[in-house]
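start_3.txt (compact mmCIF, C-alpha atoms and all ligand atoms)
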# COMPACT_ATOMS: atom_id res chain seq x y z
CA TRP A 22 0.00 0.00 0.00
CA THR A 23 2.80 2.41 0.82
CA ALA A 24 4.43 1.92 -2.59
CA ARG A 25 1.12 2.24 -4.41
CA ASP A 26 0.31 5.37 -2.42
CA ALA A 27 3.66 6.86 -3.41
CA SER A 28 3.11 6.08 -7.09
CA THR A 29 -0.23 7.87 -7.60
CA VAL A 30 -1.29 9.86 -4.53
CA TRP A 31 -0.42 13.54 -4.11
CA HIS A 32 -0.86 14.38 -0.42
CA PRO A 33 -1.77 17.86 0.83
CA PHE A 34 0.77 20.10 2.59
CA THR A 35 3.45 17.43 2.23
CA GLN A 36 7.07 17.61 1.12
CA HIS A 37 7.09 14.42 -0.94
CA ALA A 38 10.75 14.72 -1.84
CA ASN A 39 11.65 14.54 1.85
CA TRP A 40 9.77 11.34 2.44
CA THR A 41 12.00 8.89 4.15
CA GLU A 42 10.88 7.93 7.62
CA ASP A 43 7.63 9.92 7.55
CA ARG A 44 5.68 7.99 4.96
CA PRO A 45 1.97 8.03 5.74
CA VAL A 46 0.55 5.33 7.95
CA VAL A 47 -2.02 3.32 5.99
CA VAL A 48 -5.09 3.55 8.20
CA ASP A 49 -7.51 0.66 7.85
CA ARG A 50 -10.15 1.34 10.49
CA ALA A 51 -10.85 3.33 13.59
CA GLU A 52 -12.78 2.92 16.83
CA GLY A 53 -13.29 5.48 19.59
CA PRO A 54 -10.03 7.39 19.96
CA TRP A 55 -8.01 4.72 18.10
CA LEU A 56 -6.69 4.54 14.54
CA ILE A 57 -5.71 1.03 13.38
CA ASP A 58 -3.40 0.51 10.40
CA VAL A 59 -3.42 -2.27 7.80
CA ASP A 60 -0.94 -4.26 9.90
CA GLY A 61 -3.21 -4.05 12.95
CA ARG A 62 -1.08 -1.47 14.77
CA ARG A 63 -3.10 0.85 17.02
CA TYR A 64 -2.47 4.57 17.48
CA LEU A 65 -4.24 6.80 19.95
CA ASP A 66 -5.61 9.63 17.78
CA GLY A 67 -4.26 12.54 19.83
CA VAL A 68 -5.29 15.17 17.27
CA SER A 69 -8.81 13.89 16.46
CA SER A 70 -7.97 13.30 12.78
CA LEU A 71 -7.03 16.93 12.10
CA TRP A 72 -9.18 18.37 14.91
CA THR A 73 -12.50 16.89 13.82
CA THR A 74 -13.56 13.69 15.63
CA THR A 75 -14.81 15.33 18.80
CA LEU A 76 -16.69 12.20 19.96
CA GLY A 77 -14.06 9.76 18.67
CA HIS A 78 -14.52 7.44 15.71
CA GLY A 79 -17.49 5.14 15.06
CA HIS A 80 -19.96 6.68 17.48
CA PRO A 81 -23.08 4.46 17.18
CA ASP A 82 -25.54 7.38 17.14
CA ILE A 83 -23.77 9.18 14.30
CA ASN A 84 -23.30 5.95 12.36
CA ALA A 85 -27.01 5.18 12.77
CA ALA A 86 -28.05 8.69 11.73
CA ILE A 87 -25.98 8.50 8.53
CA THR A 88 -27.31 5.03 7.70
CA ALA A 89 -30.92 6.07 8.30
CA GLN A 90 -30.49 9.17 6.16
CA LEU A 91 -28.83 7.12 3.41
CA ALA A 92 -31.88 4.87 3.25
CA LYS A 93 -34.09 7.94 2.72
CA LEU A 94 -32.29 10.63 0.74
CA ASP A 95 -28.62 10.50 -0.23
CA HIS A 96 -28.33 13.81 -2.02
CA SER A 97 -30.43 16.59 -3.43
CA THR A 98 -29.16 19.98 -4.50
CA PHE A 99 -29.75 22.92 -2.17
CA LEU A 100 -30.06 25.21 -5.21
CA GLY A 101 -33.79 25.32 -5.62
CA THR A 102 -34.77 22.43 -3.32
CA THR A 103 -34.42 21.96 0.41
CA HIS A 104 -34.68 19.04 2.83
CA THR A 105 -35.59 18.39 6.44
CA PRO A 106 -32.07 17.65 7.82
CA GLY A 107 -30.80 20.92 6.31
CA ILE A 108 -33.68 22.89 7.84
CA GLU A 109 -33.41 21.19 11.25
CA LEU A 110 -29.66 21.70 11.36
CA SER A 111 -30.01 25.43 10.59
CA GLU A 112 -32.49 25.75 13.45
CA ALA A 113 -30.18 23.83 15.80
CA LEU A 114 -27.15 25.96 14.84
CA ILE A 115 -29.03 29.24 15.30
CA ASP A 116 -30.27 27.99 18.65
CA LEU A 117 -26.71 27.12 19.72
CA ALA A 118 -25.07 30.24 18.24
CA PRO A 119 -23.28 32.59 20.66
CA LYS A 120 -25.52 35.36 22.02
CA SER A 121 -24.93 38.86 23.41
CA ASP A 122 -26.79 42.16 23.69
CA GLY A 123 -25.95 42.87 20.05
CA PRO A 124 -27.61 41.63 16.84
CA PRO A 125 -27.98 37.82 16.90
CA LEU A 126 -26.85 35.34 14.26
CA THR A 127 -30.02 34.30 12.45
CA LYS A 128 -29.16 32.69 9.12
CA VAL A 129 -27.07 29.67 8.09
CA PHE A 130 -25.25 29.43 4.76
CA TYR A 131 -23.82 25.92 4.22
CA ALA A 132 -20.45 25.11 2.68
CA GLY A 133 -18.27 22.03 2.37
CA ASP A 134 -15.17 22.54 4.48
CA GLY A 135 -13.51 25.19 6.59
CA SER A 136 -11.81 26.95 3.70
CA SER A 137 -14.97 27.18 1.63
CA ALA A 138 -16.91 28.55 4.62
CA VAL A 139 -14.23 31.25 5.00
CA GLU A 140 -14.36 31.92 1.26
CA ALA A 141 -18.13 32.37 1.45
CA ALA A 142 -17.82 34.69 4.47
CA LEU A 143 -15.26 36.86 2.66
CA LYS A 144 -17.45 37.15 -0.41
CA ILE A 145 -20.49 37.94 1.74
CA ALA A 146 -18.54 40.66 3.57
CA TYR A 147 -17.32 42.30 0.39
CA GLN A 148 -20.70 42.09 -1.34
CA TYR A 149 -22.36 43.44 1.81
CA SER A 150 -20.14 46.49 1.53
CA THR A 151 -21.08 47.09 -2.11
CA GLN A 152 -24.76 46.49 -1.47
CA THR A 153 -24.86 48.88 1.44
CA GLY A 154 -23.55 51.63 -0.77
CA ARG A 155 -19.77 51.57 -0.35
CA SER A 156 -17.27 49.33 -2.05
CA ARG A 157 -14.73 48.37 0.61
CA PRO A 158 -12.07 46.16 -0.91
CA LYS A 159 -9.84 45.55 2.12
CA PHE A 160 -9.82 42.87 4.81
CA VAL A 161 -7.96 43.23 8.09
CA ARG A 162 -6.16 40.01 9.00
CA LEU A 163 -3.93 38.96 11.86
CA ASP A 164 -0.29 37.93 11.55
CA HIS A 165 0.15 34.13 11.79
CA ALA A 166 -3.54 33.48 11.08
CA TYR A 167 -4.68 30.37 9.25
CA HIS A 168 -8.09 30.43 7.61
CA GLY A 169 -7.70 27.75 4.94
CA ASP A 170 -6.08 27.12 1.59
CA THR A 171 -8.43 28.59 -1.04
CA LEU A 172 -7.20 31.86 -2.52
CA GLY A 173 -9.34 34.17 -0.40
CA ALA A 174 -8.57 32.20 2.74
CA VAL A 175 -4.83 32.27 1.96
CA ALA A 176 -5.05 36.05 1.44
CA VAL A 177 -6.50 36.62 4.91
CA GLY A 178 -4.05 34.16 6.45
CA GLY A 179 -0.82 35.40 7.95
CA HIS A 180 1.74 33.05 6.38
CA ASP A 181 4.41 34.73 4.26
CA LEU A 182 5.32 31.44 2.60
CA PHE A 183 1.80 30.97 1.24
CA HIS A 184 1.52 34.64 0.26
CA GLN A 185 4.76 34.49 -1.70
CA ALA A 186 3.56 31.43 -3.60
CA TYR A 187 0.26 32.98 -4.78
CA LYS A 188 0.83 36.70 -4.38
CA PRO A 189 -0.67 38.19 -7.58
CA LEU A 190 -3.89 36.24 -7.06
CA LEU A 191 -4.64 37.31 -3.54
CA LEU A 192 -7.18 39.75 -2.07
CA ASP A 193 -6.31 43.19 -0.78
CA THR A 194 -5.56 42.88 2.93
CA ILE A 195 -4.00 44.80 5.80
CA GLY A 196 -2.00 42.64 8.18
CA VAL A 197 -1.99 43.56 11.87
CA SER A 198 0.01 42.19 14.79
CA SER A 199 -1.43 39.18 16.54
CA PRO A 200 -2.22 39.52 20.26
CA GLY A 201 -1.02 35.91 20.57
CA ASP A 202 2.39 36.62 19.05
CA ARG A 203 5.01 35.89 21.75
CA ALA A 204 7.66 37.63 19.63
CA LEU A 205 5.99 40.96 20.52
CA GLY A 206 7.11 40.50 24.13
CA ALA A 207 5.21 40.82 27.39
CA ASP A 208 3.20 43.75 25.99
CA ARG A 209 2.00 41.78 22.99
CA TYR A 210 -1.61 42.41 23.79
CA ALA A 211 -1.22 46.21 24.07
CA VAL A 212 0.96 46.30 20.93
CA ALA A 213 -1.58 44.34 18.92
CA LEU A 214 -4.47 46.49 20.12
CA ALA A 215 -2.63 49.71 19.27
CA ASP A 216 -1.85 48.32 15.83
CA LEU A 217 -5.48 47.38 15.14
CA ARG A 218 -6.67 50.77 16.39
CA ALA A 219 -4.16 52.63 14.18
CA VAL A 220 -5.08 50.61 11.09
CA MET A 221 -8.79 51.14 11.59
CA GLU A 222 -8.32 54.85 12.21
CA ALA A 223 -6.22 55.25 9.07
CA SER A 224 -8.11 52.94 6.68
CA GLY A 225 -11.32 51.84 8.43
CA ASP A 226 -13.52 53.32 5.70
CA GLN A 227 -11.99 50.93 3.16
CA VAL A 228 -12.28 47.83 5.33
CA CYS A 229 -15.20 45.50 4.67
CA ALA A 230 -14.30 43.08 7.48
CA ILE A 231 -11.88 42.17 10.24
CA ILE A 232 -11.34 38.40 10.39
CA VAL A 233 -9.94 36.60 13.43
CA GLU A 234 -9.67 33.15 14.97
CA PRO A 235 -11.26 34.02 18.32
CA MET A 236 -9.21 33.47 21.51
CA ILE A 237 -6.56 31.21 19.96
CA GLN A 238 -4.77 30.95 16.62
CA GLY A 239 -4.74 27.19 16.13
CA ALA A 240 -2.60 26.37 13.12
CA ALA A 241 -0.12 29.10 14.12
CA GLY A 242 0.86 26.79 16.99
CA MET A 243 -1.94 27.45 19.49
CA LEU A 244 -1.27 31.17 20.11
CA ASP A 245 -3.87 32.04 22.75
CA TYR A 246 -4.77 35.62 23.60
CA ASP A 247 -6.94 37.82 25.76
CA ALA A 248 -10.74 38.06 25.34
CA ASP A 249 -10.52 41.86 25.58
CA TYR A 250 -8.96 41.93 22.14
CA LEU A 251 -12.20 40.59 20.68
CA ARG A 252 -14.30 43.15 22.54
CA THR A 253 -12.13 45.95 21.14
CA ALA A 254 -12.24 44.43 17.65
CA ARG A 255 -16.05 44.48 17.91
CA GLU A 256 -16.04 48.15 18.96
CA LEU A 257 -13.63 49.16 16.20
CA ALA A 258 -15.54 47.26 13.52
CA ASP A 259 -18.77 48.97 14.61
CA ALA A 260 -17.16 52.40 14.81
CA HIS A 261 -15.87 52.13 11.24
CA GLY A 262 -18.81 50.30 9.64
CA ALA A 263 -16.84 47.10 9.01
CA LEU A 264 -18.08 43.56 9.66
CA LEU A 265 -16.46 41.28 12.21
CA ILE A 266 -15.84 37.68 11.16
CA PHE A 267 -14.99 34.98 13.70
CA ASP A 268 -13.46 31.89 12.16
CA GLU A 269 -14.53 29.14 14.58
CA VAL A 270 -13.61 26.28 12.22
CA ALA A 271 -11.09 24.97 14.77
CA THR A 272 -12.52 26.41 17.99
CA GLY A 273 -16.21 25.62 17.53
CA PHE A 274 -18.29 22.79 18.99
CA GLY A 275 -16.84 22.61 22.47
CA ARG A 276 -13.17 22.44 21.58
CA THR A 277 -12.14 25.33 23.85
CA GLY A 278 -14.35 24.33 26.79
CA LYS A 279 -17.30 26.41 25.57
CA MET A 280 -19.55 25.68 22.63
CA TRP A 281 -17.93 28.65 20.83
CA ALA A 282 -14.72 30.51 21.58
CA ALA A 283 -16.77 33.71 21.14
CA GLU A 284 -18.44 32.88 24.47
CA HIS A 285 -15.17 33.43 26.35
CA ALA A 286 -15.41 37.08 25.31
CA GLY A 287 -19.18 37.55 25.21
CA VAL A 288 -18.82 38.94 21.70
CA VAL A 289 -21.02 38.01 18.76
CA PRO A 290 -19.58 38.59 15.27
CA ASP A 291 -21.57 39.52 12.15
CA LEU A 292 -20.36 36.34 10.45
CA LEU A 293 -19.18 33.13 12.10
CA THR A 294 -17.58 30.29 10.16
CA CYS A 295 -17.58 26.73 11.49
CA GLY A 296 -16.70 23.28 10.19
CA LYS A 297 -14.48 20.44 11.43
CA GLY A 298 -16.34 19.22 14.56
CA ILE A 299 -19.79 20.09 13.18
CA THR A 300 -20.44 16.49 12.05
CA GLY A 301 -18.32 15.02 14.84
CA GLY A 302 -15.70 14.67 12.13
CA TYR A 303 -17.61 12.09 10.09
CA LEU A 304 -18.45 13.92 6.90
CA PRO A 305 -17.36 17.18 5.31
CA LEU A 306 -19.65 20.06 6.16
CA SER A 307 -19.22 23.65 7.19
CA ALA A 308 -21.37 26.71 7.62
CA VAL A 309 -21.41 30.48 7.83
CA LEU A 310 -23.73 31.88 10.49
CA ALA A 311 -24.82 35.39 9.56
CA ALA A 312 -26.54 38.24 11.37
CA GLU A 313 -29.91 39.34 10.00
CA HIS A 314 -28.66 42.76 8.86
CA VAL A 315 -26.07 41.03 6.68
CA TYR A 316 -28.65 38.68 5.16
CA GLU A 317 -31.06 41.55 4.58
CA ALA A 318 -28.55 43.36 2.39
CA PHE A 319 -28.89 40.43 -0.03
CA LEU A 320 -32.64 40.85 -0.52
CA THR A 321 -33.52 42.42 -3.85
CA ARG A 322 -35.58 45.59 -3.41
CA PRO A 323 -37.95 47.53 -5.65
CA GLY A 324 -35.90 49.80 -7.86
CA ASP A 325 -32.78 47.60 -7.84
CA THR A 326 -31.26 47.45 -11.31
CA ALA A 327 -29.64 44.05 -10.69
CA PRO A 328 -30.55 41.14 -8.40
CA ARG A 329 -28.80 41.08 -5.01
CA THR A 330 -28.19 37.33 -5.14
CA PHE A 331 -25.17 35.94 -3.33
CA PHE A 332 -23.32 34.35 -6.25
CA HIS A 333 -22.04 31.30 -4.42
CA GLY A 334 -23.01 27.68 -3.72
CA HIS A 335 -21.51 24.29 -4.46
CA THR A 336 -22.91 21.03 -5.82
CA TYR A 337 -22.80 19.28 -2.45
CA THR A 338 -23.83 22.27 -0.34
CA ALA A 339 -25.85 20.97 2.65
CA ASN A 340 -25.63 17.32 1.61
CA PRO A 341 -28.35 15.52 3.63
CA LEU A 342 -26.00 12.79 4.95
CA CYS A 343 -23.69 15.48 6.32
CA CYS A 344 -26.61 17.38 7.87
CA ALA A 345 -27.94 14.17 9.46
CA ALA A 346 -24.49 13.41 10.93
CA ALA A 347 -24.27 16.96 12.29
CA LEU A 348 -27.74 16.76 13.86
CA ALA A 349 -26.82 13.47 15.58
CA ASN A 350 -23.54 14.98 16.77
CA LEU A 351 -25.29 18.02 18.26
CA ARG A 352 -27.87 15.78 19.92
CA VAL A 353 -25.16 13.65 21.56
CA MET A 354 -23.26 16.79 22.58
CA GLY A 355 -26.36 18.06 24.37
CA GLU A 356 -27.43 14.76 25.95
CA GLN A 357 -23.98 13.89 27.25
CA ASP A 358 -22.82 17.38 28.19
CA VAL A 359 -19.81 17.02 25.90
CA VAL A 360 -18.80 20.64 26.51
CA GLY A 361 -18.65 19.85 30.24
CA GLN A 362 -16.55 16.78 29.43
CA ALA A 363 -14.23 19.00 27.38
CA VAL A 364 -13.81 21.36 30.35
CA ARG A 365 -12.88 18.44 32.64
CA LEU A 366 -10.53 16.92 30.05
CA GLY A 367 -8.84 20.30 29.59
CA GLU A 368 -8.35 20.69 33.34
CA ARG A 369 -6.97 17.17 33.68
CA LEU A 370 -4.55 17.78 30.80
CA THR A 371 -3.38 21.06 32.37
CA LYS A 372 -2.50 19.17 35.54
CA LEU A 373 -0.86 16.20 33.83
CA LEU A 374 1.17 18.45 31.52
CA GLU A 375 2.57 20.61 34.32
CA PRO A 376 5.75 18.50 34.72
CA VAL A 377 6.22 18.54 30.93
CA GLY A 378 6.10 22.35 30.92
CA ALA A 379 8.79 22.44 33.61
CA LYS A 380 11.32 20.56 31.45
CA ASP A 381 14.30 22.48 30.08
CA GLY A 382 13.60 21.37 26.51
CA VAL A 383 10.07 22.78 26.60
CA VAL A 384 9.70 26.48 25.80
CA GLU A 385 6.02 26.92 26.65
CA ILE A 386 2.73 25.08 26.87
CA ARG A 387 -0.23 27.03 25.48
CA GLN A 388 -3.75 25.87 26.10
CA LEU A 389 -7.38 26.83 25.80
CA GLY A 390 -9.63 23.95 26.83
CA THR A 391 -8.62 20.98 24.70
CA MET A 392 -6.54 22.99 22.20
CA ILE A 393 -2.98 22.52 23.38
CA GLY A 394 0.43 23.36 21.93
CA VAL A 395 3.64 22.14 23.51
CA GLU A 396 6.49 24.22 22.07
CA VAL A 397 9.85 22.48 22.28
CA ALA A 398 13.29 24.05 21.98
CA PRO A 399 14.69 23.20 18.54
CA VAL A 400 17.54 20.70 18.42
CA GLY A 401 18.36 20.17 14.73
CA GLU A 402 15.95 20.61 11.89
CA ARG A 403 12.51 19.19 12.53
CA THR A 404 12.30 18.92 16.29
CA GLY A 405 8.51 19.01 16.57
CA PHE A 406 8.30 16.32 13.93
CA ALA A 407 10.88 14.20 15.78
CA VAL A 408 8.85 14.40 19.00
CA CYS A 409 5.74 13.27 17.11
CA GLN A 410 7.69 10.38 15.58
CA ALA A 411 8.88 9.32 19.05
CA ALA A 412 5.27 9.47 20.31
CA ARG A 413 4.14 7.45 17.31
CA GLU A 414 6.59 4.69 18.27
CA ARG A 415 4.77 4.65 21.60
CA GLY A 416 1.38 4.24 19.91
CA VAL A 417 0.23 7.87 20.06
CA TRP A 418 -0.61 9.86 16.93
CA LEU A 419 0.29 13.57 17.04
CA ARG A 420 1.08 16.20 14.41
CA PRO A 421 3.57 19.02 14.74
CA LEU A 422 3.18 22.65 13.75
CA GLY A 423 6.81 23.65 13.40
CA ASP A 424 8.36 23.15 16.83
CA THR A 425 4.98 23.02 18.51
CA VAL A 426 3.46 19.62 19.18
CA VAL A 427 -0.32 19.78 19.05
CA LEU A 428 -2.70 17.89 21.31
CA MET A 429 -6.37 18.04 20.21
CA PRO A 430 -7.85 14.78 21.47
CA PRO A 431 -11.51 13.75 21.25
CA LEU A 432 -13.46 15.73 23.86
CA THR A 433 -14.71 12.47 25.36
CA LEU A 434 -11.25 10.92 25.90
CA GLY A 435 -11.21 8.58 28.91
CA ASP A 436 -8.80 8.87 31.85
CA ASP A 437 -6.63 5.87 30.88
CA GLU A 438 -6.20 7.13 27.35
CA THR A 439 -5.45 10.65 28.60
CA ASP A 440 -2.70 9.16 30.77
CA LEU A 441 -1.34 7.22 27.80
CA LEU A 442 -1.34 10.39 25.68
CA VAL A 443 0.59 12.42 28.23
CA ASN A 444 2.98 9.60 29.13
CA ALA A 445 3.90 9.03 25.48
CA LEU A 446 4.39 12.77 24.96
CA THR A 447 6.54 13.01 28.10
CA GLU A 448 8.77 10.14 27.00
CA ALA A 449 8.98 11.52 23.46
CA VAL A 450 10.00 14.96 24.75
CA ASP A 451 12.62 13.37 27.03
CA GLU A 452 13.99 11.34 24.12
CA VAL A 453 14.27 14.24 21.68
CA VAL A 454 14.90 17.39 23.72
CA GLY A 455 15.48 16.04 27.27
N1 LIG B 1 -10.02 28.07 9.57
C1 LIG B 1 -9.35 27.60 10.62
C2 LIG B 1 -9.29 28.43 11.88
C3 LIG B 1 -8.71 26.37 10.57
O1 LIG B 1 -8.03 25.91 11.62
C4 LIG B 1 -8.80 25.61 9.38
C5 LIG B 1 -8.15 24.25 9.23
N2 LIG B 1 -7.16 23.93 10.11
C6 LIG B 1 -9.50 26.14 8.30
C7 LIG B 1 -10.11 27.38 8.44
C8 LIG B 1 -9.62 25.41 7.01
O2 LIG B 1 -10.47 24.33 7.13
P1 LIG B 1 -10.43 23.14 6.07
O3 LIG B 1 -9.10 22.49 6.20
O4 LIG B 1 -11.56 22.24 6.50
O5 LIG B 1 -10.66 23.73 4.73
The structure in this file should be written as structure tokens.
Amino acid sequence: WTARDASTVWHPFTQHANWTEDRPVVVDRAEGPWLIDVDGRRYLDGVSSLWTTTLGHGHPDINAAITAQLAKLDHSTFLGTTHTPGIELSEALIDLAPKSDGPPLTKVFYAGDGSSAVEAALKIAYQYSTQTGRSRPKFVRLDHAYHGDTLGAVAVGGHDLFHQAYKPLLLDTIGVSSPGDRALGADRYAVALADLRAVMEASGDQVCAIIVEPMIQGAAGMLDYDADYLRTARELADAHGALLIFDEVATGFGRTGKMWAAEHAGVVPDLLTCGKGITGGYLPLSAVLAAEHVYEAFLTRPGDTAPRTFFHGHTYTANPLCCAAALANLRVMGEQDVVGQAVRLGERLTKLLEPVGAKDGVVEIRQLGTMIGVEVAPVGERTGFAVCQAARERGVWLRPLGDTVVLMPPLTLGDDETDLLVNALTEAVDEVVG
């Protein structure tokens, strides 16, 4: 299988020429928090299959929901028809959406994955600006941000490497300092706020939206930051007539110990993107939750010379199997207080990881709920990768982000497996940087 994979498969975000020891494991099946390869080797899935499988693999309720939906309706386009799982899921998402004193999120626009939800949100924000009378071509984005790999999402990301690769094709953006950026020093939060303020004061009238990963920049290596930043971003967006977009693709659905990271700050954005954990990680689905005033700008009015349609929507938008999986996931999350379980798991991990954080080879542990980054001091070229390899030899599956080793386990991980996860990480750290 490995040889056949190498001969025809082009893997994402992978340096194929460097493949020696890090050839992909050929996964055959999965159960609960375990991945099992074609040779029967078991790995504890410490990153929930790229941050998605919040309830673990093979949950009977989600499996049953998909099977039941399959027997009824496999697919039907959402362009011109609708279906009950899509309607019910919209209602459930709006019910669950973060709330504050400000305008609520009232409408759901479905997409297929995190990147395409971000892409839709960016297009909505720009078109909102044109349809409310001003064309505002600029987006404010944070340094180090990751919002996906489609062109718009790359443009509002904060990775120089990706920008260099696609530069002429990207949107017009203004980069601002990230409040999570440790390189800014102890005052990082004040520096980032001053930067955002200055940018909005100078160019706010050209900005259609500010986009942020609320509370923690995941793919940047788990750069957590203060909730006040989001409150100020809300104020500045309002003061300058820009929209605020929260990208909750990674943080949504209990991951940070609340249903939404927005709840840590008590701030509701105009647009909220979500994906990953929405179906419990079973099928690809994502969504943009929009405030009513945004939706209303897309309603054609008497006297309009052209329709105000949102020109966007994919073949598989709101696929019924995906919606059924998401509904089952949300039901289980409610019935079993999965967010409460995530809080307890996060607290247990904080305690167990304390001795790891005290090691000389560990620079910092950053955590919000069950989003955890263990930054190790580099020794040689790919230190984070080497730690993950050492954990893999101990039966634990992790993925590095540079020199930061990420832990994003299923929210329902049991105590024994949590111990195994931390023990393997501890031994791996000792082996590589100890
Ligand atoms: N936004 C954020 C915050 C993410 O973390 C990710 C994926 N890591 C994405 C968007 C892109 O999602 P996808 O890979 O499903 O396109």
_Between CA of Val408 (chain A) and CA of Val450 (chain A), what is the distance in Å, rounded to a tenth?_
5.9 Å
For the interface of chain A with ligand LIG 1 (chain B) (cut-off 10 Å, counting all atoms listed in the file), please tabulate each contacting residue of chain A alongside its nearest pair of atoms and their separation in Å to one decimal, rows sorted by chain and increasing number, as JSON lines.
{"residue": "A:Leu71", "atom": "CA", "partner": "B:LIG1", "partner_atom": "N2", "distance": 7.3}
{"residue": "A:Trp72", "atom": "CA", "partner": "B:LIG1", "partner_atom": "N2", "distance": 7.6}
{"residue": "A:Thr73", "atom": "CA", "partner": "B:LIG1", "partner_atom": "O4", "distance": 9.1}
{"residue": "A:Gly133", "atom": "CA", "partner": "B:LIG1", "partner_atom": "O4", "distance": 7.9}
{"residue": "A:Asp134", "atom": "CA", "partner": "B:LIG1", "partner_atom": "O4", "distance": 4.1}
{"residue": "A:Gly135", "atom": "CA", "partner": "B:LIG1", "partner_atom": "O2", "distance": 3.2}
{"residue": "A:Ser136", "atom": "CA", "partner": "B:LIG1", "partner_atom": "O5", "distance": 3.6}
{"residue": "A:Ser137", "atom": "CA", "partner": "B:LIG1", "partner_atom": "O5", "distance": 6.3}
{"residue": "A:Ala138", "atom": "CA", "partner": "B:LIG1", "partner_atom": "C7", "distance": 7.9}
{"residue": "A:Val139", "atom": "CA", "partner": "B:LIG1", "partner_atom": "C7", "distance": 6.6}
{"residue": "A:Glu140", "atom": "CA", "partner": "B:LIG1", "partner_atom": "C7", "distance": 9.5}
{"residue": "A:Ala166", "atom": "CA", "partner": "B:LIG1", "partner_atom": "C2", "distance": 7.7}
{"residue": "A:Tyr167", "atom": "CA", "partner": "B:LIG1", "partner_atom": "C1", "distance": 5.6}
{"residue": "A:His168", "atom": "CA", "partner": "B:LIG1", "partner_atom": "N1", "distance": 3.6}
{"residue": "A:Gly169", "atom": "CA", "partner": "B:LIG1", "partner_atom": "C8", "distance": 3.7}
{"residue": "A:Asp170", "atom": "CA", "partner": "B:LIG1", "partner_atom": "O5", "distance": 6.5}
{"residue": "A:Thr171", "atom": "CA", "partner": "B:LIG1", "partner_atom": "O5", "distance": 7.9}
{"residue": "A:Ala174", "atom": "CA", "partner": "B:LIG1", "partner_atom": "C7", "distance": 7.6}
{"residue": "A:Val175", "atom": "CA", "partner": "B:LIG1", "partner_atom": "C7", "distance": 9.7}
{"residue": "A:Gly178", "atom": "CA", "partner": "B:LIG1", "partner_atom": "N1", "distance": 9.1}
{"residue": "A:Val233", "atom": "CA", "partner": "B:LIG1", "partner_atom": "C2", "distance": 8.3}
{"residue": "A:Glu234", "atom": "CA", "partner": "B:LIG1", "partner_atom": "C2", "distance": 5.7}
{"residue": "A:Pro235", "atom": "CA", "partner": "B:LIG1", "partner_atom": "C2", "distance": 8.8}
{"residue": "A:Ile237", "atom": "CA", "partner": "B:LIG1", "partner_atom": "C2", "distance": 9.0}
{"residue": "A:Gln238", "atom": "CA", "partner": "B:LIG1", "partner_atom": "C2", "distance": 7.0}
{"residue": "A:Gly239", "atom": "CA", "partner": "B:LIG1", "partner_atom": "O1", "distance": 5.7}
{"residue": "A:Ala240", "atom": "CA", "partner": "B:LIG1", "partner_atom": "O1", "distance": 5.7}
{"residue": "A:Ala241", "atom": "CA", "partner": "B:LIG1", "partner_atom": "O1", "distance": 8.9}
{"residue": "A:Phe267", "atom": "CA", "partner": "B:LIG1", "partner_atom": "C2", "distance": 8.9}
{"residue": "A:Asp268", "atom": "CA", "partner": "B:LIG1", "partner_atom": "C2", "distance": 5.4}
{"residue": "A:Glu269", "atom": "CA", "partner": "B:LIG1", "partner_atom": "C2", "distance": 5.9}
{"residue": "A:Val270", "atom": "CA", "partner": "B:LIG1", "partner_atom": "C1", "distance": 4.7}
{"residue": "A:Ala271", "atom": "CA", "partner": "B:LIG1", "partner_atom": "O1", "distance": 4.5}
{"residue": "A:Thr272", "atom": "CA", "partner": "B:LIG1", "partner_atom": "C2", "distance": 7.2}
{"residue": "A:Gly273", "atom": "CA", "partner": "B:LIG1", "partner_atom": "C2", "distance": 9.4}
{"residue": "A:Thr294", "atom": "CA", "partner": "B:LIG1", "partner_atom": "N1", "distance": 7.9}
{"residue": "A:Cys295", "atom": "CA", "partner": "B:LIG1", "partner_atom": "N1", "distance": 7.9}
{"residue": "A:Gly296", "atom": "CA", "partner": "B:LIG1", "partner_atom": "O4", "distance": 6.4}
{"residue": "A:Lys297", "atom": "CA", "partner": "B:LIG1", "partner_atom": "O4", "distance": 6.0}
{"residue": "A:Gly298", "atom": "CA", "partner": "B:LIG1", "partner_atom": "O4", "distance": 9.8}
{"residue": "A:Pro305", "atom": "CA", "partner": "B:LIG1", "partner_atom": "O4", "distance": 7.8}
{"residue": "A:Leu306", "atom": "CA", "partner": "B:LIG1", "partner_atom": "O4", "distance": 8.4}
{"residue": "A:Ser307", "atom": "CA", "partner": "B:LIG1", "partner_atom": "O4", "distance": 7.8}
Residues near Leu374 (chain A), cut-off 12 Å, all atoms listed in the file, skip fewer than 6 positions along chain, as a tab-separated table (two decimals) with C-alpha atoms, in the frame of the given file:
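Below is the file selection.tsv, written as the result:
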chain	number	residue	atom	x	y	z
A	366	LEU	CA	-10.53	16.92	30.05
A	367	GLY	CA	-8.84	20.30	29.59
A	368	GLU	CA	-8.35	20.69	33.34
A	380	LYS	CA	11.32	20.56	31.45
A	383	VAL	CA	10.07	22.78	26.60
A	385	GLU	CA	6.02	26.92	26.65
A	386	ILE	CA	2.73	25.08	26.87
A	387	ARG	CA	-0.23	27.03	25.48
A	388	GLN	CA	-3.75	25.87	26.10
A	393	ILE	CA	-2.98	22.52	23.38
A	394	GLY	CA	0.43	23.36	21.93
A	395	VAL	CA	3.64	22.14	23.51
A	428	LEU	CA	-2.70	17.89	21.31
A	439	THR	CA	-5.45	10.65	28.60
A	440	ASP	CA	-2.70	9.16	30.77
A	442	LEU	CA	-1.34	10.39	25.68
A	443	VAL	CA	0.59	12.42	28.23
A	444	ASN	CA	2.98	9.60	29.13
A	445	ALA	CA	3.90	9.03	25.48
A	446	LEU	CA	4.39	12.77	24.96
A	447	THR	CA	6.54	13.01	28.10
A	450	VAL	CA	10.00	14.96	24.75
